[in-house]
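Q: This is the structure I want to talk about, given as structure tokens.
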Amino acid sequence: MNKLPAAALLLATALCAVSVSAQTYPTRPITMVVPYPPGGSADILARTMGEQLGTRLGQPVIIENKAGAGTAIGARFVAEAKPDGYTLLMGTVSSQAINPAMSKVGYDPGKDFVAVSALTSIPFVLVANPAAPYSTVAELIAAAKREGNRISYASAGPGTSNHLAGEMLAHAAKISLLHVPYRGSAPALADVLANHVPLMFDLQTTALPNIKAQKVKPLAVTGLQRSPLLPDVPTVAESGLPGFEVGAWFGLFAPAQVPEPVVRQLSTAMAQILQSPTMAQRLRDIGAEPDTRDAQAFAGYVKSEITRYAQTVKAAGLDR
């Protein structure tokens with residue numbers, strides 16, 4: 001009887017193991033790592049999605065918070081995990097695009113992860129204190145051109161997504177804005193409400209209550225389409241800066257080299273969850289929108305975001 005060469009036998013054994021693994025996955029609990037402390041948007045989203053994913057896969061999804069180093073600790077943990085589909089990352093624009101562009105984080109977001117599923121995106125709202133002498137993006141741009149680098153905007157800190165939103169706006173409009181960093185969004189917003197700083201790119205989730213209470217006025221939203229929650233507020237793109245888009249996005253990632261059938265199984269389960277009217281409404285209730293792009297489209301988007309933020313960070317002199 002003919003015998004297989006040793007190399008062919010090893011390859012056949014490996015392929016068989018992958019096939020069996022994909023067919024039986026999952027056989028034990030899955031860990032979803034959140035690179036932020038408990039209680040924030042990413043954590044709440046992970047727990048909501050994890051519960052639904054566990055129900056569909058027939059195994060519990062355990063949420064593990066690994067905060068620190070601007071999301072690098074949690075993201076690096078997943079990048080180095082065994083690529084078997086049992087360790088996943090609740091990735092964000094910060095973990096996958098911004099922080100790797102700013103410093104050495106110990107992982108390559110383009111090579112060390114596979115995009116499993118887009119989850120949701122939350123636009124920013126460019127808000128101003130009611131006393132600010134501009135109510136539209138066009139009026140703000142005109143004022144900035146008159147006043148030079150005297151109009152300031154608050155952010156949650158250097159290199160945060162709402163800081164870079166301001167950098168992108170200034171670059172697109174060919175104006176200068178004075179960045180005022182804070183240690184978090186809450187103190188930044190407090191100073192906008194107190195009119196110590198006139199402007200801020202605030203996430204729609206936290207901007208809505210203050211807009212409704214008329215504590216701030218919305219100049220524009222930063223998505224490509226108007227927000228269903230703020231239908232009368234134009235986009236920045238509509239306001240004279242075509243193509244402008246920025247916001248907070250969330251996605252599910254796995255370590256590179258996870259078997260493709262496992263990725264496909266996870267992607268299919270997440271697509272079913274996101275297409276559920278109940279889940280869509282739960283997301284809209286907090287100012288978010290379900291992102292139903294398939295894994296391939298989402299992977300392409302993430303790649304473009306890595307490039308875009310690398311360029312923005314370099315232009316702003318924030319890379320180190």
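Letters A, B, ... go to the chains of the structure tokens in the order shown; residues in each chain start at 1; ligands are counted from 1 in the same order.
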Skipping near chain neighbours, those fewer than 4 positions away, what residues fall within 7 Å of Gly223 of chain A using only C-alpha atoms, listed as a compact mmCIF listing (two decimals) with C-alpha atoms, in the first residue's frame?

A:
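The new file part06.txt reads:
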# COMPACT_ATOMS: atom_id res chain seq x y z
CA PRO A 123 -21.32 60.41 14.65
CA THR A 235 -23.84 67.36 7.92
CA GLU A 245 -16.81 62.21 7.70
CA VAL A 246 -15.53 61.33 11.16

Q: Please identify all polymer residues within 7 Å of Val33 of chain A, counting only C-alpha atoms, omitting same-chain residues fewer than 4 positions from it, and present them as a PDB file with all heavy atoms, in the first residue's frame.

A:
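out-v4.pdb, written as the output of this step:
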ATOM      1  N   ILE A  63     -17.182  38.893  28.954  1.00  0.00           N
ATOM      2  CA  ILE A  63     -16.577  40.203  28.698  1.00  0.00           C
ATOM      3  C   ILE A  63     -15.424  40.410  29.670  1.00  0.00           C
ATOM      4  O   ILE A  63     -15.594  40.291  30.885  1.00  0.00           O
ATOM      5  CB  ILE A  63     -17.608  41.338  28.852  1.00  0.00           C
ATOM      6  CG1 ILE A  63     -18.823  41.086  27.953  1.00  0.00           C
ATOM      7  CG2 ILE A  63     -16.958  42.678  28.527  1.00  0.00           C
ATOM      8  CD1 ILE A  63     -18.510  40.907  26.490  1.00  0.00           C
ATOM      9  N   GLU A  64     -14.265  40.724  29.133  1.00  0.00           N
ATOM     10  CA  GLU A  64     -13.082  40.957  29.957  1.00  0.00           C
ATOM     11  C   GLU A  64     -12.518  42.339  29.645  1.00  0.00           C
ATOM     12  O   GLU A  64     -12.107  42.607  28.517  1.00  0.00           O
ATOM     13  CB  GLU A  64     -12.022  39.881  29.696  1.00  0.00           C
ATOM     14  CG  GLU A  64     -10.826  39.970  30.619  1.00  0.00           C
ATOM     15  CD  GLU A  64      -9.904  38.762  30.507  1.00  0.00           C
ATOM     16  OE1 GLU A  64     -10.344  37.725  29.964  1.00  0.00           O
ATOM     17  OE2 GLU A  64      -8.750  38.865  30.947  1.00  0.00           O
ATOM     18  N   ASN A  65     -12.542  43.219  30.627  1.00  0.00           N
ATOM     19  CA  ASN A  65     -12.022  44.574  30.455  1.00  0.00           C
ATOM     20  C   ASN A  65     -10.518  44.592  30.690  1.00  0.00           C
ATOM     21  O   ASN A  65     -10.045  44.196  31.753  1.00  0.00           O
ATOM     22  CB  ASN A  65     -12.710  45.547  31.419  1.00  0.00           C
ATOM     23  CG  ASN A  65     -14.198  45.641  31.173  1.00  0.00           C
ATOM     24  OD1 ASN A  65     -14.982  44.889  31.752  1.00  0.00           O
ATOM     25  ND2 ASN A  65     -14.611  46.560  30.322  1.00  0.00           N
ATOM     26  N   LYS A  66      -9.776  45.025  29.686  1.00  0.00           N
ATOM     27  CA  LYS A  66      -8.319  45.165  29.798  1.00  0.00           C
ATOM     28  C   LYS A  66      -7.959  46.574  29.339  1.00  0.00           C
ATOM     29  O   LYS A  66      -7.539  46.801  28.208  1.00  0.00           O
ATOM     30  CB  LYS A  66      -7.604  44.112  28.953  1.00  0.00           C
ATOM     31  CG  LYS A  66      -7.659  42.703  29.543  1.00  0.00           C
ATOM     32  CD  LYS A  66      -6.798  41.738  28.751  1.00  0.00           C
ATOM     33  CE  LYS A  66      -6.749  40.364  29.408  1.00  0.00           C
ATOM     34  NZ  LYS A  66      -6.040  40.383  30.695  1.00  0.00           N
ATOM     35  N   GLY A  74      -5.286  45.953  25.907  1.00  0.00           N
ATOM     36  CA  GLY A  74      -6.300  44.982  25.499  1.00  0.00           C
ATOM     37  C   GLY A  74      -6.129  44.523  24.068  1.00  0.00           C
ATOM     38  O   GLY A  74      -6.253  43.329  23.767  1.00  0.00           O
ATOM     39  N   LEU A  88     -11.677  37.392  21.285  1.00  0.00           N
ATOM     40  CA  LEU A  88     -12.078  38.419  20.331  1.00  0.00           C
ATOM     41  C   LEU A  88     -11.852  39.799  20.930  1.00  0.00           C
ATOM     42  O   LEU A  88     -11.730  39.946  22.147  1.00  0.00           O
ATOM     43  CB  LEU A  88     -13.553  38.245  19.957  1.00  0.00           C
ATOM     44  CG  LEU A  88     -13.981  36.866  19.456  1.00  0.00           C
ATOM     45  CD1 LEU A  88     -15.497  36.816  19.269  1.00  0.00           C
ATOM     46  CD2 LEU A  88     -13.261  36.516  18.160  1.00  0.00           C
ATOM     47  N   LEU A  89     -11.821  40.804  20.083  1.00  0.00           N
ATOM     48  CA  LEU A  89     -11.603  42.184  20.520  1.00  0.00           C
ATOM     49  C   LEU A  89     -12.774  43.068  20.123  1.00  0.00           C
ATOM     50  O   LEU A  89     -13.204  43.047  18.964  1.00  0.00           O
ATOM     51  CB  LEU A  89     -10.326  42.751  19.893  1.00  0.00           C
ATOM     52  CG  LEU A  89     -10.027  44.235  20.169  1.00  0.00           C
ATOM     53  CD1 LEU A  89      -9.659  44.458  21.637  1.00  0.00           C
ATOM     54  CD2 LEU A  89      -8.913  44.743  19.257  1.00  0.00           C
ATOM     55  N   MET A  90     -13.291  43.823  21.086  1.00  0.00           N
ATOM     56  CA  MET A  90     -14.210  44.910  20.775  1.00  0.00           C
ATOM     57  C   MET A  90     -13.333  46.084  20.360  1.00  0.00           C
ATOM     58  O   MET A  90     -12.862  46.870  21.178  1.00  0.00           O
ATOM     59  CB  MET A  90     -15.059  45.264  21.999  1.00  0.00           C
ATOM     60  CG  MET A  90     -15.886  46.538  21.850  1.00  0.00           C
ATOM     61  SD  MET A  90     -17.067  46.511  20.505  1.00  0.00           S
ATOM     62  CE  MET A  90     -18.248  45.329  21.127  1.00  0.00           C
TER      63      MET A  90
END

Q: Can you pull out every residue within 9 Å of Asp84 of chain A, counting only C-alpha atoms, but drop anything in the same chain fewer than 5 positions away, and send it as a PDB file with N, CA and C atoms, in the first residue's frame?

A:
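Result file follows (part-v2.pdb):
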ATOM      1  N   SER A  21     -12.339  21.655  13.810  1.00  0.00           N
ATOM      2  CA  SER A  21     -12.494  22.793  14.707  1.00  0.00           C
ATOM      3  C   SER A  21     -13.610  23.706  14.237  1.00  0.00           C
ATOM      4  N   ALA A 254     -10.668  39.531  15.479  1.00  0.00           N
ATOM      5  CA  ALA A 254     -10.042  38.322  15.987  1.00  0.00           C
ATOM      6  C   ALA A 254      -8.565  38.355  15.617  1.00  0.00           C
ATOM      7  N   PRO A 255      -7.745  37.558  16.294  1.00  0.00           N
ATOM      8  CA  PRO A 255      -6.337  37.494  15.885  1.00  0.00           C
ATOM      9  C   PRO A 255      -6.208  37.001  14.452  1.00  0.00           C
ATOM     10  N   GLN A 257      -5.003  34.820  11.383  1.00  0.00           N
ATOM     11  CA  GLN A 257      -4.835  33.371  11.235  1.00  0.00           C
ATOM     12  C   GLN A 257      -5.944  32.546  11.871  1.00  0.00           C
ATOM     13  N   VAL A 258      -6.991  33.185  12.381  1.00  0.00           N
ATOM     14  CA  VAL A 258      -8.156  32.411  12.810  1.00  0.00           C
ATOM     15  C   VAL A 258      -8.726  31.710  11.576  1.00  0.00           C
ATOM     16  N   PRO A 259      -9.085  30.436  11.668  1.00  0.00           N
ATOM     17  CA  PRO A 259      -9.618  29.718  10.493  1.00  0.00           C
ATOM     18  C   PRO A 259     -10.782  30.467   9.859  1.00  0.00           C
ATOM     19  N   VAL A 262     -14.373  29.768  10.876  1.00  0.00           N
ATOM     20  CA  VAL A 262     -14.752  30.312  12.183  1.00  0.00           C
ATOM     21  C   VAL A 262     -15.108  31.785  12.043  1.00  0.00           C
TER      22      VAL A 262
END

Q: Identify, on the basis of only C-alpha atoms, every residue whose closest approach to Ala143 of chain A does not exceed 12 Å; exclude the query and any residue fewer than 2 positions from it along the same chain; express the result as a PyMOL selection string.

A: chain A and resi 132-141+145-152+173+175-177

Q: Which residues come within 10 Å of segment 204-209 of chain A, counting only C-alpha atoms, excluding same-chain residues fewer than 5 positions away, as a CSV table (one decimal) with C-alpha atoms, in the first residue's frame?

A:
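Contents of out.csv, freshly written:
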chain,number,residue,atom,x,y,z
A,41,SER,CA,-19.8,53.0,25.4
A,122,ILE,CA,-21.7,57.0,16.3
A,123,PRO,CA,-21.3,60.4,14.7
A,124,PHE,CA,-20.0,63.5,16.4
A,125,VAL,CA,-22.0,66.6,16.6
A,126,LEU,CA,-20.1,69.9,16.3
A,127,VAL,CA,-21.7,71.8,19.2
A,185,SER,CA,-14.9,64.3,27.6
A,186,ALA,CA,-16.8,65.2,30.8
A,189,LEU,CA,-18.1,69.4,27.9
A,214,GLN,CA,-30.8,74.1,24.6
A,215,LYS,CA,-27.6,74.1,26.6
A,216,VAL,CA,-25.6,73.8,23.3
A,217,LYS,CA,-26.5,74.5,19.7
A,218,PRO,CA,-25.6,72.0,17.0
A,221,VAL,CA,-23.2,66.3,12.4
A,222,THR,CA,-20.1,64.5,11.1
A,227,SER,CA,-28.8,61.7,11.7
A,229,LEU,CA,-32.2,61.8,15.7
A,230,LEU,CA,-31.2,65.3,14.4
A,247,GLY,CA,-16.9,59.6,14.2
A,248,ALA,CA,-16.6,56.7,16.6
A,284,ARG,CA,-30.7,54.0,18.0
A,285,ASP,CA,-32.0,54.6,21.5
A,286,ILE,CA,-28.4,55.5,22.5
A,287,GLY,CA,-27.7,57.6,19.5
A,288,ALA,CA,-26.0,54.8,17.4
